[in-house]
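S.K.: So that you have it, the file is input-v7.cif, and it contains mmCIF, C-alpha atoms:
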data_final
loop_
_atom_site.label_atom_id
_atom_site.label_comp_id
_atom_site.auth_asym_id
_atom_site.auth_seq_id
_atom_site.Cartn_x
_atom_site.Cartn_y
_atom_site.Cartn_z
CA MET E 138 -8.31 -4.37 1.38
CA ALA E 139 -7.52 -0.93 2.75
CA PHE E 140 -4.24 -0.46 4.58
CA LEU E 141 -3.70 3.30 4.37
CA THR E 142 -4.50 5.43 7.38
CA ASP E 143 -6.62 8.56 7.05
CA GLU E 144 -3.52 10.67 7.52
CA GLN E 145 -1.69 8.82 4.75
CA ARG E 146 -4.63 9.38 2.42
CA ARG E 147 -4.71 13.10 3.19
CA SER E 148 -0.96 13.52 2.65
CA TYR E 149 -0.80 11.49 -0.58
CA GLY E 150 0.00 13.66 -3.59
CA THR E 151 -0.05 16.91 -1.61
CA PHE E 152 2.38 19.32 0.02
CA THR E 153 2.88 17.99 3.53
CA GLN E 154 5.44 20.69 4.30
CA VAL E 155 7.02 23.70 2.66
CA PRO E 156 9.83 22.71 0.26
CA ASP E 157 13.24 23.75 1.52
CA ASP E 158 15.67 25.90 -0.46
CA GLY E 159 17.25 22.89 -2.13
CA GLN E 160 13.89 21.51 -3.19
CA LEU E 161 12.74 24.87 -4.50
CA ALA E 162 15.86 25.15 -6.62
CA GLY E 163 15.61 21.53 -7.75
CA TYR E 164 11.96 21.42 -8.75
CA PHE E 165 10.64 24.97 -9.10
CA LEU E 166 13.55 26.78 -10.73
CA LEU E 167 12.58 27.64 -14.30
CA ASP E 168 15.20 27.09 -16.96
CA ARG E 169 15.12 29.08 -20.18
CA GLU E 170 12.75 26.67 -21.94
CA ALA E 171 10.32 26.42 -19.00
CA ARG E 172 10.25 30.19 -18.63
CA ARG E 173 9.63 30.59 -22.36
CA ARG E 174 6.70 28.17 -22.23
CA ALA E 175 5.23 29.90 -19.18
CA MET E 176 5.55 33.38 -20.65
CA ALA E 177 3.86 32.19 -23.85
CA CYS E 178 0.62 31.83 -21.87
CA ARG E 179 -1.83 34.69 -22.09
CA GLY E 180 -1.81 36.97 -19.06
CA ALA E 181 0.13 37.05 -15.80
CA ARG E 182 -2.29 34.69 -14.01
CA SER E 183 -1.94 31.98 -16.66
CA GLN E 184 1.83 32.43 -16.82
CA LEU E 185 2.22 31.95 -13.09
CA GLY E 186 -0.35 29.15 -12.98
CA TYR E 187 1.44 27.20 -15.72
CA ALA E 188 4.80 27.55 -13.96
CA ILE E 189 3.33 26.54 -10.59
CA GLN E 190 1.79 23.41 -12.12
CA LEU E 191 5.05 22.49 -13.83
CA GLY E 192 6.96 22.69 -10.56
CA THR E 193 4.21 20.87 -8.69
CA VAL E 194 4.17 17.84 -10.98
CA ARG E 195 7.95 17.65 -10.83
CA PHE E 196 7.89 17.73 -7.04
CA LEU E 197 4.78 15.69 -6.20
CA GLY E 198 4.40 13.50 -9.27
CA THR E 199 0.87 14.79 -9.79
CA PHE E 200 -1.11 17.99 -10.25
CA LEU E 201 -3.02 19.60 -7.42
CA ALA E 202 -6.81 19.69 -7.73
CA ASN E 203 -6.46 23.42 -7.13
CA PRO E 204 -3.05 24.90 -8.05
CA GLU E 205 -3.75 27.77 -5.66
CA ASP E 206 -3.22 25.31 -2.79
CA ALA E 207 0.52 25.37 -3.40
CA PRO E 208 2.41 26.80 -0.40
CA ALA E 209 2.81 30.57 -0.40
CA GLU E 210 6.59 30.15 -0.42
CA VAL E 211 6.38 28.16 -3.66
CA VAL E 212 4.12 30.72 -5.31
CA GLU E 213 6.41 33.56 -4.27
CA TYR E 214 9.53 31.73 -5.50
CA VAL E 215 8.04 31.06 -8.93
CA ALA E 216 6.35 34.46 -9.26
CA ASP E 217 9.66 36.22 -8.61
CA GLN E 218 11.26 34.40 -11.54
CA LEU E 219 8.50 35.59 -13.86
CA GLY E 220 8.44 39.14 -12.58
CA HIS E 221 4.92 38.85 -11.16
CA VAL E 222 3.46 39.40 -7.73
CA PRO E 223 2.15 36.20 -6.09
CA SER E 224 -1.39 37.58 -5.80
CA VAL E 225 -1.94 37.35 -9.57
CA LEU E 226 -2.49 33.59 -9.09
CA THR E 227 -5.84 34.27 -7.37
CA GLY E 228 -8.68 32.76 -9.37
CA TYR E 229 -6.51 30.46 -11.49
CA GLY E 230 -7.84 27.34 -9.77
CA ALA E 231 -11.37 28.11 -10.99
CA GLU E 232 -10.35 28.56 -14.63
CA ARG E 233 -10.60 25.84 -17.24
CA THR E 234 -7.20 26.99 -18.49
CA ARG E 235 -5.52 24.97 -15.75
CA TRP E 236 -6.60 21.74 -17.47
CA ASP E 237 -5.20 22.96 -20.81
CA HIS E 238 -1.93 23.75 -19.07
CA GLN E 239 -1.77 20.27 -17.55
CA ASN E 240 -2.15 18.68 -20.97
CA ALA E 241 0.47 21.02 -22.42
CA ILE E 242 2.92 20.13 -19.63
CA LYS E 243 2.31 16.40 -20.11
CA ASP E 244 3.00 16.68 -23.84
CA ALA E 245 6.04 18.92 -23.47
CA TYR E 246 7.74 17.06 -20.63
CA GLY E 247 6.79 13.44 -21.26
CA TYR E 248 4.36 12.76 -18.40
CA SER E 249 1.76 10.01 -18.84
CA ASP E 250 -1.31 8.75 -17.01
CA LEU E 251 -1.42 5.34 -15.34
CA LYS E 252 -3.06 3.41 -18.15
CA SER E 253 -2.15 1.17 -21.07
CA ASP E 254 1.62 0.57 -21.19
CA ALA E 255 2.26 2.50 -17.98
CA TRP E 256 -0.24 0.31 -16.10
CA TRP E 257 1.31 -2.93 -17.40
CA LYS E 258 4.84 -1.79 -16.58
CA LEU E 259 3.90 -0.85 -13.02
CA ALA E 260 1.97 -4.10 -12.55
CA ARG E 261 4.96 -6.15 -13.70
CA TRP E 262 7.30 -4.09 -11.50
CA LEU E 263 5.08 -4.66 -8.46
CA TRP E 264 4.81 -8.37 -9.26
CA ASP E 265 8.60 -8.68 -9.31
CA ARG E 266 8.91 -6.74 -6.04
CA CYS E 267 6.33 -8.94 -4.34
CA TRP E 268 7.94 -12.12 -5.65
CA SER E 269 11.49 -11.26 -4.64
CA GLY E 270 10.76 -9.68 -1.27
CA ASN E 271 8.31 -9.56 1.59
CA GLU E 272 7.64 -5.84 1.94
CA ARG E 273 4.60 -4.71 3.88
CA PRO E 274 1.79 -3.21 1.76
CA ILE E 275 2.58 0.36 2.83
CA ALA E 276 6.23 -0.13 1.86
CA LEU E 277 5.15 -1.40 -1.57
CA PHE E 278 2.79 1.57 -1.87
CA ASP E 279 5.61 4.03 -1.14
CA LEU E 280 8.01 2.25 -3.50
CA ALA E 281 5.40 2.25 -6.27
CA THR E 282 4.81 5.96 -5.73
CA LEU E 283 8.53 6.68 -6.02
CA HIS E 284 8.76 4.44 -9.09
CA MET E 285 6.01 6.41 -10.84
CA VAL E 286 7.51 9.78 -9.95
CA GLU E 287 10.89 8.71 -11.32
CA ASN E 288 9.29 7.45 -14.54
CA LYS E 289 7.02 10.48 -15.02
CA VAL E 290 3.81 8.52 -14.55
CA LEU E 291 1.17 10.70 -12.90
CA LEU E 292 0.04 9.34 -9.55
CA PRO E 293 -3.47 7.85 -9.61
CA GLY E 294 -5.90 8.22 -6.73
CA ALA E 295 -4.74 6.74 -3.44
CA THR E 296 -7.49 4.11 -3.50
CA VAL E 297 -6.58 3.00 -7.03
CA LEU E 298 -2.94 2.39 -6.10
CA GLU E 299 -3.91 0.82 -2.77
CA ARG E 300 -6.15 -1.73 -4.49
CA MET E 301 -3.50 -2.46 -7.10
CA VAL E 302 -0.86 -3.17 -4.46
CA THR E 303 -3.25 -5.36 -2.46
CA SER E 304 -4.38 -7.37 -5.49
CA ILE E 305 -0.89 -8.08 -6.78
CA ARG E 306 0.45 -8.92 -3.32
CA GLU E 307 -2.39 -11.41 -2.75
CA HIS E 308 -1.78 -13.09 -6.11
CA THR E 309 1.94 -13.52 -5.47
CA ASN E 310 1.27 -14.86 -1.96
CA ARG E 311 -1.19 -17.45 -3.30
CA LYS E 312 1.25 -18.49 -6.02
CA THR E 313 4.03 -18.85 -3.45
CA TRP E 314 1.90 -21.06 -1.18
CA ARG E 315 0.78 -23.21 -4.12
CA THR E 316 4.40 -23.71 -5.17
CA LEU E 317 5.46 -24.60 -1.64
CA GLY E 318 2.51 -26.98 -1.33
CA ARG E 319 3.44 -28.83 -4.52
CA GLN E 320 7.06 -29.12 -3.40
CA ALA E 321 6.01 -30.47 0.00
CA HIS E 322 3.69 -32.99 -1.65
CA ARG E 323 6.50 -34.26 -3.89
CA ARG E 324 8.86 -34.63 -0.96
CA ALA E 325 6.22 -36.50 1.03
CA ALA E 326 5.59 -38.79 -1.91
CA GLY E 327 9.30 -39.43 -2.34
CA CYS E 328 9.23 -38.06 -5.86
CA PRO E 329 11.46 -35.06 -6.39
CA GLY E 330 9.82 -34.24 -9.69
CA ARG E 331 11.06 -31.40 -11.75
CA ALA E 332 12.04 -28.02 -10.37
CA ALA E 333 9.28 -25.59 -9.65
CA ALA E 334 8.08 -23.79 -12.73
CA GLY E 335 9.07 -20.22 -13.44
CA ARG E 336 6.94 -17.30 -12.57
CA GLY E 337 4.95 -17.45 -15.74
CA GLN E 338 2.20 -14.98 -16.48
CA PRO E 339 0.49 -13.66 -13.32
CA PRO E 340 -3.24 -14.46 -13.39
CA TYR E 341 -4.22 -10.85 -12.81
CA LEU E 342 -2.20 -9.78 -15.86
CA GLN E 343 -4.09 -12.08 -18.22
CA ALA E 344 -7.17 -9.90 -18.39
CA GLY E 345 -5.74 -6.46 -17.60
CA PRO E 346 -7.38 -3.90 -15.35
CA ALA E 347 -11.07 -4.49 -14.66
CA ALA E 348 -11.90 -0.89 -15.54
CA PRO E 349 -10.07 2.17 -16.87
CA LEU E 350 -8.04 3.82 -14.11
CA PRO E 351 -8.59 7.53 -13.43
CA ALA E 352 -5.91 10.01 -14.33
#
Please render this file's structure as structure tokens.
M.R.:
Amino acid sequence: MAFLTDEQRRSYGTFTQVPDDGQLAGYFLLDREARRRAMACRGARSQLGYAIQLGTVRFLGTFLANPEDAPAEVVEYVADQLGHVPSVLTGYGAERTRWDHQNAIKDAYGYSDLKSDAWWKLARWLWDRCWSGNERPIALFDLATLHMVENKVLLPGATVLERMVTSIREHTNRKTWRTLGRQAHRRAAGCPGRAAAGRGQPPYLQAGPAAPLPA
């Protein structure tokens, strides 16, 4: 079930404000290796586009659909490091090269899509969070987003993560109520029985995702 507002959907995985000086230096400053990789691209446009995408994925945890949508201040900050004028980025968002650069950045810096092992790890992490706490869905959504950014897992679409959070939260809630119901039944029957079983394997983890998740 949907719990995100329209505003939260629009702001997810995008620049909601211009990065401050500390953020620019922390995420968009090119070290020697990053500058070398950017300058190895053919042409000023590709060099700047590569560097913009590298800083963007570090900062947002995902790539922009159009790298040209990065704030002008970000483009200027990165362009200055490469010795280019910001205007050379014009047209980069329409080039297929941007996809090649994304794959190169993923390979070089260890980013992965939310699938296979990354999906299972996030699912287990969410299961543990739901079991040990009672966070609201939006809080779980934000925590999952932060968890992926910190572990270099590219953010999926907002709807994909929203459904994942909802599904896992519902499963843990049902398991909790079943456990409480069994304990209440034993007490009413005057039979303490054995302690409640451990968490076991969550039902939704037994079959895996219903369909491949988008990058």
S.K.: Which segment 197-239 of chain E residues have any atom within 8 Å of an atom of segment 281-292 of chain E, and for each, what is the nearest pair of atoms with distance in Å to one decimal, counting all atoms listed in the file, rows sorted by chain and number, as a Markdown table?
M.R.:
| residue | atom | partner | partner_atom | distance |
| --- | --- | --- | --- | --- |
| E:Leu197 | CA | E:Val286 | CA | 7.5 |
| E:Gly198 | CA | E:Val286 | CA | 4.9 |
| E:Thr199 | CA | E:Leu291 | CA | 5.1 |
S.K.: Next, dump the selected residues to file, keeping only C-alpha atoms, as a short mmCIF file (atom, residue, chain, number, x, y, z; two decimals), in the frame of the given file.
M.R.:
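again-v1.cif, freshly written:
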data_model
loop_
_atom_site.label_atom_id
_atom_site.label_comp_id
_atom_site.auth_asym_id
_atom_site.auth_seq_id
_atom_site.Cartn_x
_atom_site.Cartn_y
_atom_site.Cartn_z
CA LEU E 197 4.78 15.69 -6.20
CA GLY E 198 4.40 13.50 -9.27
CA THR E 199 0.87 14.79 -9.79
#
S.K.: Can you tell me how far atom CA of Lys243 of chain E sits from atom CA of Ser224 of chain E, in Å to one decimal?
M.R.: 25.8 Å
S.K.: Can you spell out as a VMD selection string the set of residues that the PyMOL selection byres ((chain E and resi 275) around 10) selects in the structure I just provided?
M.R.: chain E and resid 140 to 142 145 272 to 274 276 to 281 299 302 to 303
S.K.: So which one's closest to Gln184 of chain E, E:Arg147, E:Arg169, E:Arg300, E:His238? Using all atoms listed in the file, please.
M.R.: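 That would be E:His238, the residue with the smallest distance to Gln184 of chain E.
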S.K.: Which residue out of E:Thr296, E:Gln160, E:Asn203, E:Ser148 has the minimum interatomic distance to Leu226 of chain E when only C-alpha atoms are used?
M.R.: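 Among the listed residues, E:Asn203 lies closest to Leu226 of chain E.
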S.K.: Just checking: using only C-alpha atoms, which residue out of E:Ala202, E:Leu219, E:Val212, E:Ala231 ends up closest to Thr151 of chain E?
M.R.: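 Counting only C-alpha atoms, the residue closest to Thr151 of chain E is E:Ala202.
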S.K.: Taking the file as I've supplied it (selection: the PyMOL selection byres ((chain E and resi 215) around 8)), which residues are included? Please answer as a PyMOL selection string.
M.R.: chain E and resi 165-167+185+188-189+211-214+216-219
S.K.: Translate the PyMOL selection byres ((chain E and resi 178) around 12) into a concrete residue list for this structure, as a ChimeraX atom specification.
M.R.: /E:171-177,179-188,219,234-235,237-238,241
S.K.: By how many Å are atom CA of Gly192 of chain E and atom CA of Tyr164 of chain E apart?
M.R.: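 Answer for the atom CA of Gly192 of chain E to atom CA of Tyr164 of chain E separation: 5.5 Å.
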S.K.: Skipping near chain neighbours, those fewer than 4 positions away, what residues fall within 10 Å of Phe152 of chain E using only C-alpha atoms, listed as a ChimeraX atom specification?
M.R.: /E:147-148,156,193,196-197,201,206-208
S.K.: Need the shell around segment 262-271 of chain E: protein/DNA/RNA residues with any atom at most 6 Å away, counting only C-alpha atoms. Skip same-chain ones fewer than 2 positions apart. Format as JSON, numbers by chain?
M.R.: {"E": [259, 260, 306]}
S.K.: What separation in Å, quoted to one decimal, exists between atom CA of Trp236 of chain E and atom CA of Phe200 of chain E?
M.R.: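 Going from atom CA of Trp236 of chain E over to atom CA of Phe200 of chain E, I get 9.8 Å.
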